[in-house]
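Student: The structure follows.
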Amino acid sequence: MSLLTGKFGIVFGVANKRSIAWAIAQAWHREGAKLAFTYQGERLKENVEELVGAFGGDTLMLPCDVTKDEEIAGVFKAVGEKFGKLHLLLHSVAFAPKDALEGEFVNTSREAFRVAHDVSAYSLVALARGAAPLMTEGGSIVAMTYYGSEKVVPHYNVMGVAKAALEAGTRYLAYDLGPKKIRVNCISAGPVNTLAARGIAGFTEMLKHYEAHSPLKRNVLPEELGATGTFLASDGAAAITGQVIYVDCGYQIMGM
Ligand code: NAP
């Protein structure tokens with residue numbers, strides 16, 4: 001039997017085949033999970049449809065802008081109707097206005113700060129609240145984060161502050177939902193060349209820097225994030241909650 005046989009999951013954040021969410025979704029699917037997917041707006045629907053086509057024609061696909069409470073409610077209603085229960089949720093969603101990811105953090109506007117936190121951090125709270133009533137057999141919620149939450153990474157700016165909120169939110173959610181056997185953890189990934197990453201000024205330099213300075217002397221592969229996502233979703237991680245797991249070729253341990 002595969003690790004996730006009999007589990008139902010939902011994946012937020014597939015934009016295209018390079019998305020970290022897609023790497024984790026493929027790994028969950030390979031291990032036997034039955035998955036639903038959301039997409040933000042019609043623009044991405046076709047991309048996601050094409051990718052999840054590989055999982056069979058009846059895969060549940062739902063629109064969800066995570067800043068809209070009514071769309072979130074619609075997603076969990078539809079998931080409840082289709083699956084009856086839920087075990088896994090992947091939060092792989094982040095956004096900050098482009099001009100906030102260039103230049104100086106000190107110039108972050110009130111609006112850019114609000115949007116970045118709404119999409120990238122508050123959304124985890126809203127999604128966990130929507131998912132929890134369906135996680136009647138316990139569950140695993142996994143969110144994607146980055147080291148810019150704890151150390152200054154030039155240009156990451158307001159997204160680093162939003163990731164700090166996401167990580168703190170993970171701990172509070174883990175405390176609230178623990179009695180229901182729902183675990184909440186973050187994967188802190190090293191840089192991966194995706195659509196969102198290319199919005200960060202100097203991203204290519206970041207990839208080179210990790211290759212030169214991480215103990216493993218390379219960048220993380222999407223399938224390695226898939227493997228960690230599977231571990232966190234599985235019973236092997238049954239006693240792990242509220243944690244930030246670094247999947248970054250060891251970069252986080254370095255002082256110099
Ligand atoms: P990605 O493929 O561009 O995925 C980001 C996803 O967030 C997209 O599907 C995007 O949809 C979605 N999104 C943005 N605003 C949304 C909203 N209001 N409602 C619903 N969805 C929304 O990039 P990725 O790198 O895989 O990012 C996934 C996660 O990993 C993010 O949390 C990111 O911060 C994190 N992460 C990435 C790296 C990296 O180096 N790539 C490293 C560490 C952590 P749209 O395309 O429509 O905006």
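Ligands are numbered from 1 in the order shown, residues from 1 within each chain, and chains are lettered A, B, ... in the order they appear in the structure tokens.
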Per residue of chain A within 7 Å of ligand 1, note the shortest atom pair and the distance in Å to one decimal, counting only C-alpha atoms and all ligand atoms, and order the rows by chain and increasing residue number, as CSV.
Tutor:
residue,atom,partner,partner_atom_place_in_ligand_line,distance
A:Phe12,CA,ligand 1,21 (N),6.7
A:Gly13,CA,ligand 1,9 (O),3.6
A:Val14,CA,ligand 1,9 (O),4.3
A:Ala15,CA,ligand 1,9 (O),3.8
A:Asn16,CA,ligand 1,2 (O),6.0
A:Arg18,CA,ligand 1,2 (O),6.0
A:Ser19,CA,ligand 1,2 (O),3.4
A:Ile20,CA,ligand 1,26 (O),3.8
A:Ala21,CA,ligand 1,26 (O),5.7
A:Tyr39,CA,ligand 1,21 (N),6.5
A:Gln40,CA,ligand 1,20 (C),4.8
A:Gly41,CA,ligand 1,47 (O),6.9
A:Leu44,CA,ligand 1,47 (O),6.2
A:Cys64,CA,ligand 1,20 (C),5.7
A:Asp65,CA,ligand 1,19 (N),3.5
A:Val66,CA,ligand 1,19 (N),4.0
A:Thr67,CA,ligand 1,18 (N),5.3
A:Ser92,CA,ligand 1,29 (C),4.0
A:Val93,CA,ligand 1,7 (O),3.4
A:Ala94,CA,ligand 1,32 (O),4.3
A:Phe95,CA,ligand 1,14 (C),4.9
A:Val119,CA,ligand 1,18 (N),5.2
A:Ser120,CA,ligand 1,32 (O),6.6
A:Met144,CA,ligand 1,30 (O),4.7
A:Thr145,CA,ligand 1,44 (C),4.3
A:Tyr146,CA,ligand 1,43 (C),4.2
A:Ser188,CA,ligand 1,43 (C),5.7
A:Ala189,CA,ligand 1,43 (C),4.2
A:Gly190,CA,ligand 1,42 (C),5.2
A:Pro191,CA,ligand 1,40 (O),3.2
A:Val192,CA,ligand 1,40 (O),3.8
A:Asn193,CA,ligand 1,41 (N),5.5
A:Thr194,CA,ligand 1,25 (O),4.7
A:Leu195,CA,ligand 1,3 (O),4.1
A:Ala196,CA,ligand 1,3 (O),3.7
A:Ala197,CA,ligand 1,41 (N),4.6
Student: Could you dump the residues just selected with N, CA, C and O atoms as a short mmCIF file (atom, residue, chain, number, x, y, z; two decimals), in the first residue's frame?
Tutor:
data_model
loop_
_atom_site.label_atom_id
_atom_site.label_comp_id
_atom_site.auth_asym_id
_atom_site.auth_seq_id
_atom_site.Cartn_x
_atom_site.Cartn_y
_atom_site.Cartn_z
N PHE A 12 -3.62 24.25 -3.14
CA PHE A 12 -3.76 25.66 -3.55
C PHE A 12 -2.40 26.13 -4.06
O PHE A 12 -1.41 26.01 -3.36
N GLY A 13 -2.36 26.65 -5.30
CA GLY A 13 -1.12 27.31 -5.75
C GLY A 13 -0.44 26.70 -6.95
O GLY A 13 0.72 27.01 -7.21
N VAL A 14 -1.16 25.87 -7.73
CA VAL A 14 -0.54 25.43 -8.99
C VAL A 14 -0.81 26.52 -10.03
O VAL A 14 -1.96 26.83 -10.32
N ALA A 15 0.26 27.09 -10.57
CA ALA A 15 0.12 28.05 -11.67
C ALA A 15 0.54 27.39 -12.98
O ALA A 15 -0.07 27.59 -14.02
N ASN A 16 1.59 26.59 -12.91
CA ASN A 16 2.09 25.89 -14.11
C ASN A 16 2.97 24.72 -13.67
O ASN A 16 3.08 24.44 -12.47
N ARG A 18 6.05 24.35 -13.38
CA ARG A 18 7.20 24.67 -12.52
C ARG A 18 6.81 24.96 -11.08
O ARG A 18 7.67 25.08 -10.20
N SER A 19 5.52 25.12 -10.81
CA SER A 19 5.07 25.48 -9.46
C SER A 19 5.48 24.42 -8.44
O SER A 19 5.37 23.21 -8.70
N ILE A 20 5.91 24.88 -7.28
CA ILE A 20 6.24 23.95 -6.19
C ILE A 20 5.00 23.12 -5.84
O ILE A 20 5.09 21.92 -5.57
N ALA A 21 3.83 23.75 -5.92
CA ALA A 21 2.58 23.02 -5.62
C ALA A 21 2.41 21.83 -6.55
O ALA A 21 1.90 20.78 -6.14
N TYR A 39 -7.55 27.13 -8.65
CA TYR A 39 -6.80 28.04 -9.52
C TYR A 39 -7.34 29.44 -9.29
O TYR A 39 -8.50 29.62 -8.91
N GLN A 40 -6.47 30.44 -9.52
CA GLN A 40 -6.89 31.81 -9.30
C GLN A 40 -7.36 32.41 -10.62
O GLN A 40 -6.53 32.75 -11.46
N GLY A 41 -8.64 32.49 -10.82
CA GLY A 41 -9.17 33.16 -12.02
C GLY A 41 -9.08 32.31 -13.27
O GLY A 41 -8.32 31.34 -13.33
N LEU A 44 -5.71 31.12 -15.26
CA LEU A 44 -4.88 29.94 -14.94
C LEU A 44 -5.62 28.63 -15.09
O LEU A 44 -5.02 27.56 -15.01
N CYS A 64 -10.40 29.81 -6.88
CA CYS A 64 -10.23 30.37 -5.54
C CYS A 64 -9.17 31.45 -5.51
O CYS A 64 -7.98 31.17 -5.62
N ASP A 65 -9.63 32.67 -5.35
CA ASP A 65 -8.75 33.77 -4.98
C ASP A 65 -8.76 33.77 -3.46
O ASP A 65 -9.83 33.96 -2.85
N VAL A 66 -7.61 33.54 -2.83
CA VAL A 66 -7.60 33.35 -1.37
C VAL A 66 -7.91 34.63 -0.59
O VAL A 66 -8.02 34.59 0.64
N THR A 67 -8.05 35.75 -1.28
CA THR A 67 -8.46 36.98 -0.58
C THR A 67 -9.99 37.08 -0.52
O THR A 67 -10.51 38.05 0.02
N SER A 92 0.34 26.86 -1.07
CA SER A 92 1.56 27.21 -1.82
C SER A 92 1.28 28.48 -2.62
O SER A 92 1.42 28.53 -3.83
N VAL A 93 0.90 29.49 -1.88
CA VAL A 93 0.36 30.73 -2.45
C VAL A 93 1.08 31.91 -1.82
O VAL A 93 1.22 31.97 -0.60
N ALA A 94 1.53 32.83 -2.64
CA ALA A 94 2.13 34.06 -2.12
C ALA A 94 2.06 35.13 -3.18
O ALA A 94 2.10 34.83 -4.38
N PHE A 95 1.97 36.36 -2.74
CA PHE A 95 2.00 37.48 -3.68
C PHE A 95 2.36 38.76 -2.96
O PHE A 95 1.91 39.01 -1.84
N VAL A 119 -2.67 37.90 1.13
CA VAL A 119 -2.54 36.75 0.22
C VAL A 119 -1.62 35.68 0.80
O VAL A 119 -1.91 34.49 0.69
N SER A 120 -0.52 36.10 1.42
CA SER A 120 0.55 35.14 1.72
C SER A 120 0.51 34.59 3.15
O SER A 120 1.10 33.54 3.40
N MET A 144 4.14 26.65 2.31
CA MET A 144 5.49 26.91 1.79
C MET A 144 6.01 28.25 2.32
O MET A 144 5.33 29.27 2.24
N THR A 145 7.22 28.23 2.83
CA THR A 145 7.81 29.48 3.33
C THR A 145 9.25 29.62 2.84
O THR A 145 9.76 28.77 2.09
N TYR A 146 9.89 30.71 3.26
CA TYR A 146 11.27 30.97 2.83
C TYR A 146 12.04 31.67 3.96
O TYR A 146 11.48 32.45 4.73
N SER A 188 10.36 25.20 4.43
CA SER A 188 11.12 26.37 4.01
C SER A 188 12.06 25.93 2.88
O SER A 188 13.06 25.25 3.11
N ALA A 189 11.68 26.30 1.66
CA ALA A 189 12.42 25.82 0.49
C ALA A 189 13.54 26.77 0.12
O ALA A 189 13.38 27.99 0.22
N GLY A 190 14.65 26.20 -0.33
CA GLY A 190 15.66 27.01 -1.00
C GLY A 190 15.08 27.52 -2.31
O GLY A 190 13.99 27.09 -2.71
N PRO A 191 15.78 28.44 -2.98
CA PRO A 191 15.21 29.03 -4.20
C PRO A 191 14.97 28.02 -5.32
O PRO A 191 15.79 27.15 -5.57
N VAL A 192 13.81 28.15 -5.96
CA VAL A 192 13.41 27.29 -7.08
C VAL A 192 12.93 28.24 -8.18
O VAL A 192 12.18 29.18 -7.90
N ASN A 193 13.33 27.97 -9.41
CA ASN A 193 12.99 28.86 -10.51
C ASN A 193 11.52 28.70 -10.94
O ASN A 193 11.19 27.86 -11.74
N THR A 194 10.65 29.53 -10.35
CA THR A 194 9.22 29.48 -10.66
C THR A 194 8.76 30.88 -11.08
O THR A 194 9.52 31.84 -10.98
N LEU A 195 7.50 30.95 -11.46
CA LEU A 195 6.92 32.24 -11.86
C LEU A 195 7.04 33.28 -10.73
O LEU A 195 7.50 34.40 -10.94
N ALA A 196 6.64 32.89 -9.53
CA ALA A 196 6.66 33.81 -8.40
C ALA A 196 8.11 34.24 -8.09
O ALA A 196 8.38 35.41 -7.82
N ALA A 197 9.04 33.28 -8.17
CA ALA A 197 10.43 33.58 -7.83
C ALA A 197 11.02 34.58 -8.82
O ALA A 197 11.79 35.47 -8.43
#
Student: Write out as a short mmCIF file (atom, residue, chain, number, x, y, z; two decimals) with N, CA and C atoms, in the first residue's frame the residues lying within 8 Å of Ile245 (chain A), counting only C-alpha atoms and excluding same-chain residues fewer than 3 positions away.
Tutor:
data_model
loop_
_atom_site.label_atom_id
_atom_site.label_comp_id
_atom_site.auth_asym_id
_atom_site.auth_seq_id
_atom_site.Cartn_x
_atom_site.Cartn_y
_atom_site.Cartn_z
N ASN A 185 2.39 22.46 9.39
CA ASN A 185 3.83 22.65 9.28
C ASN A 185 4.17 23.47 8.04
N CYS A 186 5.37 24.06 8.08
CA CYS A 186 5.89 24.78 6.91
C CYS A 186 7.10 24.05 6.34
N ILE A 187 7.20 24.08 5.03
CA ILE A 187 8.45 23.70 4.36
C ILE A 187 9.13 24.99 3.94
N SER A 188 10.36 25.20 4.43
CA SER A 188 11.12 26.37 4.01
C SER A 188 12.06 25.93 2.88
#
Student: Name the residues in contact with Met135 (chain A) at a cut-off of 9 Å, using only C-alpha atoms, excluding same-chain residues fewer than 6 positions from it; report them as a ChimeraX atom specification.
Tutor: /A:85-88,180-182
Student: Could you write out that same residue set with C-alpha atoms as a compact mmCIF listing (two decimals), in the first residue's frame?
Tutor:
# COMPACT_ATOMS: atom_id res chain seq x y z
CA LYS A 85 -13.82 14.41 4.27
CA LEU A 86 -10.34 15.84 3.88
CA HIS A 87 -6.89 14.81 5.16
CA LEU A 88 -4.36 17.02 3.35
CA LYS A 180 -8.34 17.56 16.47
CA LYS A 181 -5.22 15.66 15.30
CA ILE A 182 -4.66 18.24 12.59
Student: Which of region 8-203 of chain A end up as alpha helix (DSSP H) when DSSP is run on this backbone - answer as a VMD selection string?
Tutor: chain A and resid 20 to 30 41 to 52 69 to 83 110 to 117 123 to 131 157 to 177 195 to 198 203
Student: Could you name the residues that touch Cys249 (chain A) at 8 Å or less, counting only C-alpha atoms, but leaving out those on the same chain fewer than 5 positions away, as a list in words?
Tutor: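 Within the cut-off, the hits are Gly190, Ser214, Pro215, Leu216, Lys217, Arg218, Asn219 and Val220 of chain A.
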Student: Per DSSP on the backbone, what are the strand (DSSP E or B) residues of region 79-141 of chain A, as a list in words?
Tutor: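 Put together, the selection reads Leu88, Leu89, Leu90, His91, Thr136, Gly138, Gly139, Ser140 and Ile141 of chain A.
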Student: With C-alpha atoms retained, could you export that selection as a short mmCIF file (atom, residue, chain, number, x, y, z; two decimals), in the first residue's frame?
Tutor:
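Okay, this is what ended up in selection07.cif:
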data_model
loop_
_atom_site.label_atom_id
_atom_site.label_comp_id
_atom_site.auth_asym_id
_atom_site.auth_seq_id
_atom_site.Cartn_x
_atom_site.Cartn_y
_atom_site.Cartn_z
CA LEU A 88 -4.36 17.02 3.35
CA LEU A 89 -4.09 20.68 2.45
CA LEU A 90 -1.21 22.35 0.63
CA HIS A 91 -0.89 26.15 0.89
CA THR A 136 -12.65 14.55 10.88
CA GLY A 138 -7.16 14.28 11.54
CA GLY A 139 -5.11 15.99 8.89
CA SER A 140 -1.90 17.55 7.67
CA ILE A 141 -1.69 21.15 6.50
#
Student: Show which residues sit within 9 Å of region 76-82 of chain A, as a ChimeraX atom specification. Count only C-alpha atoms, and ignore same-chain residues fewer than 2 positions away.
Tutor: /A:10,36,60,62,71-74,84-86,127,130-131,134
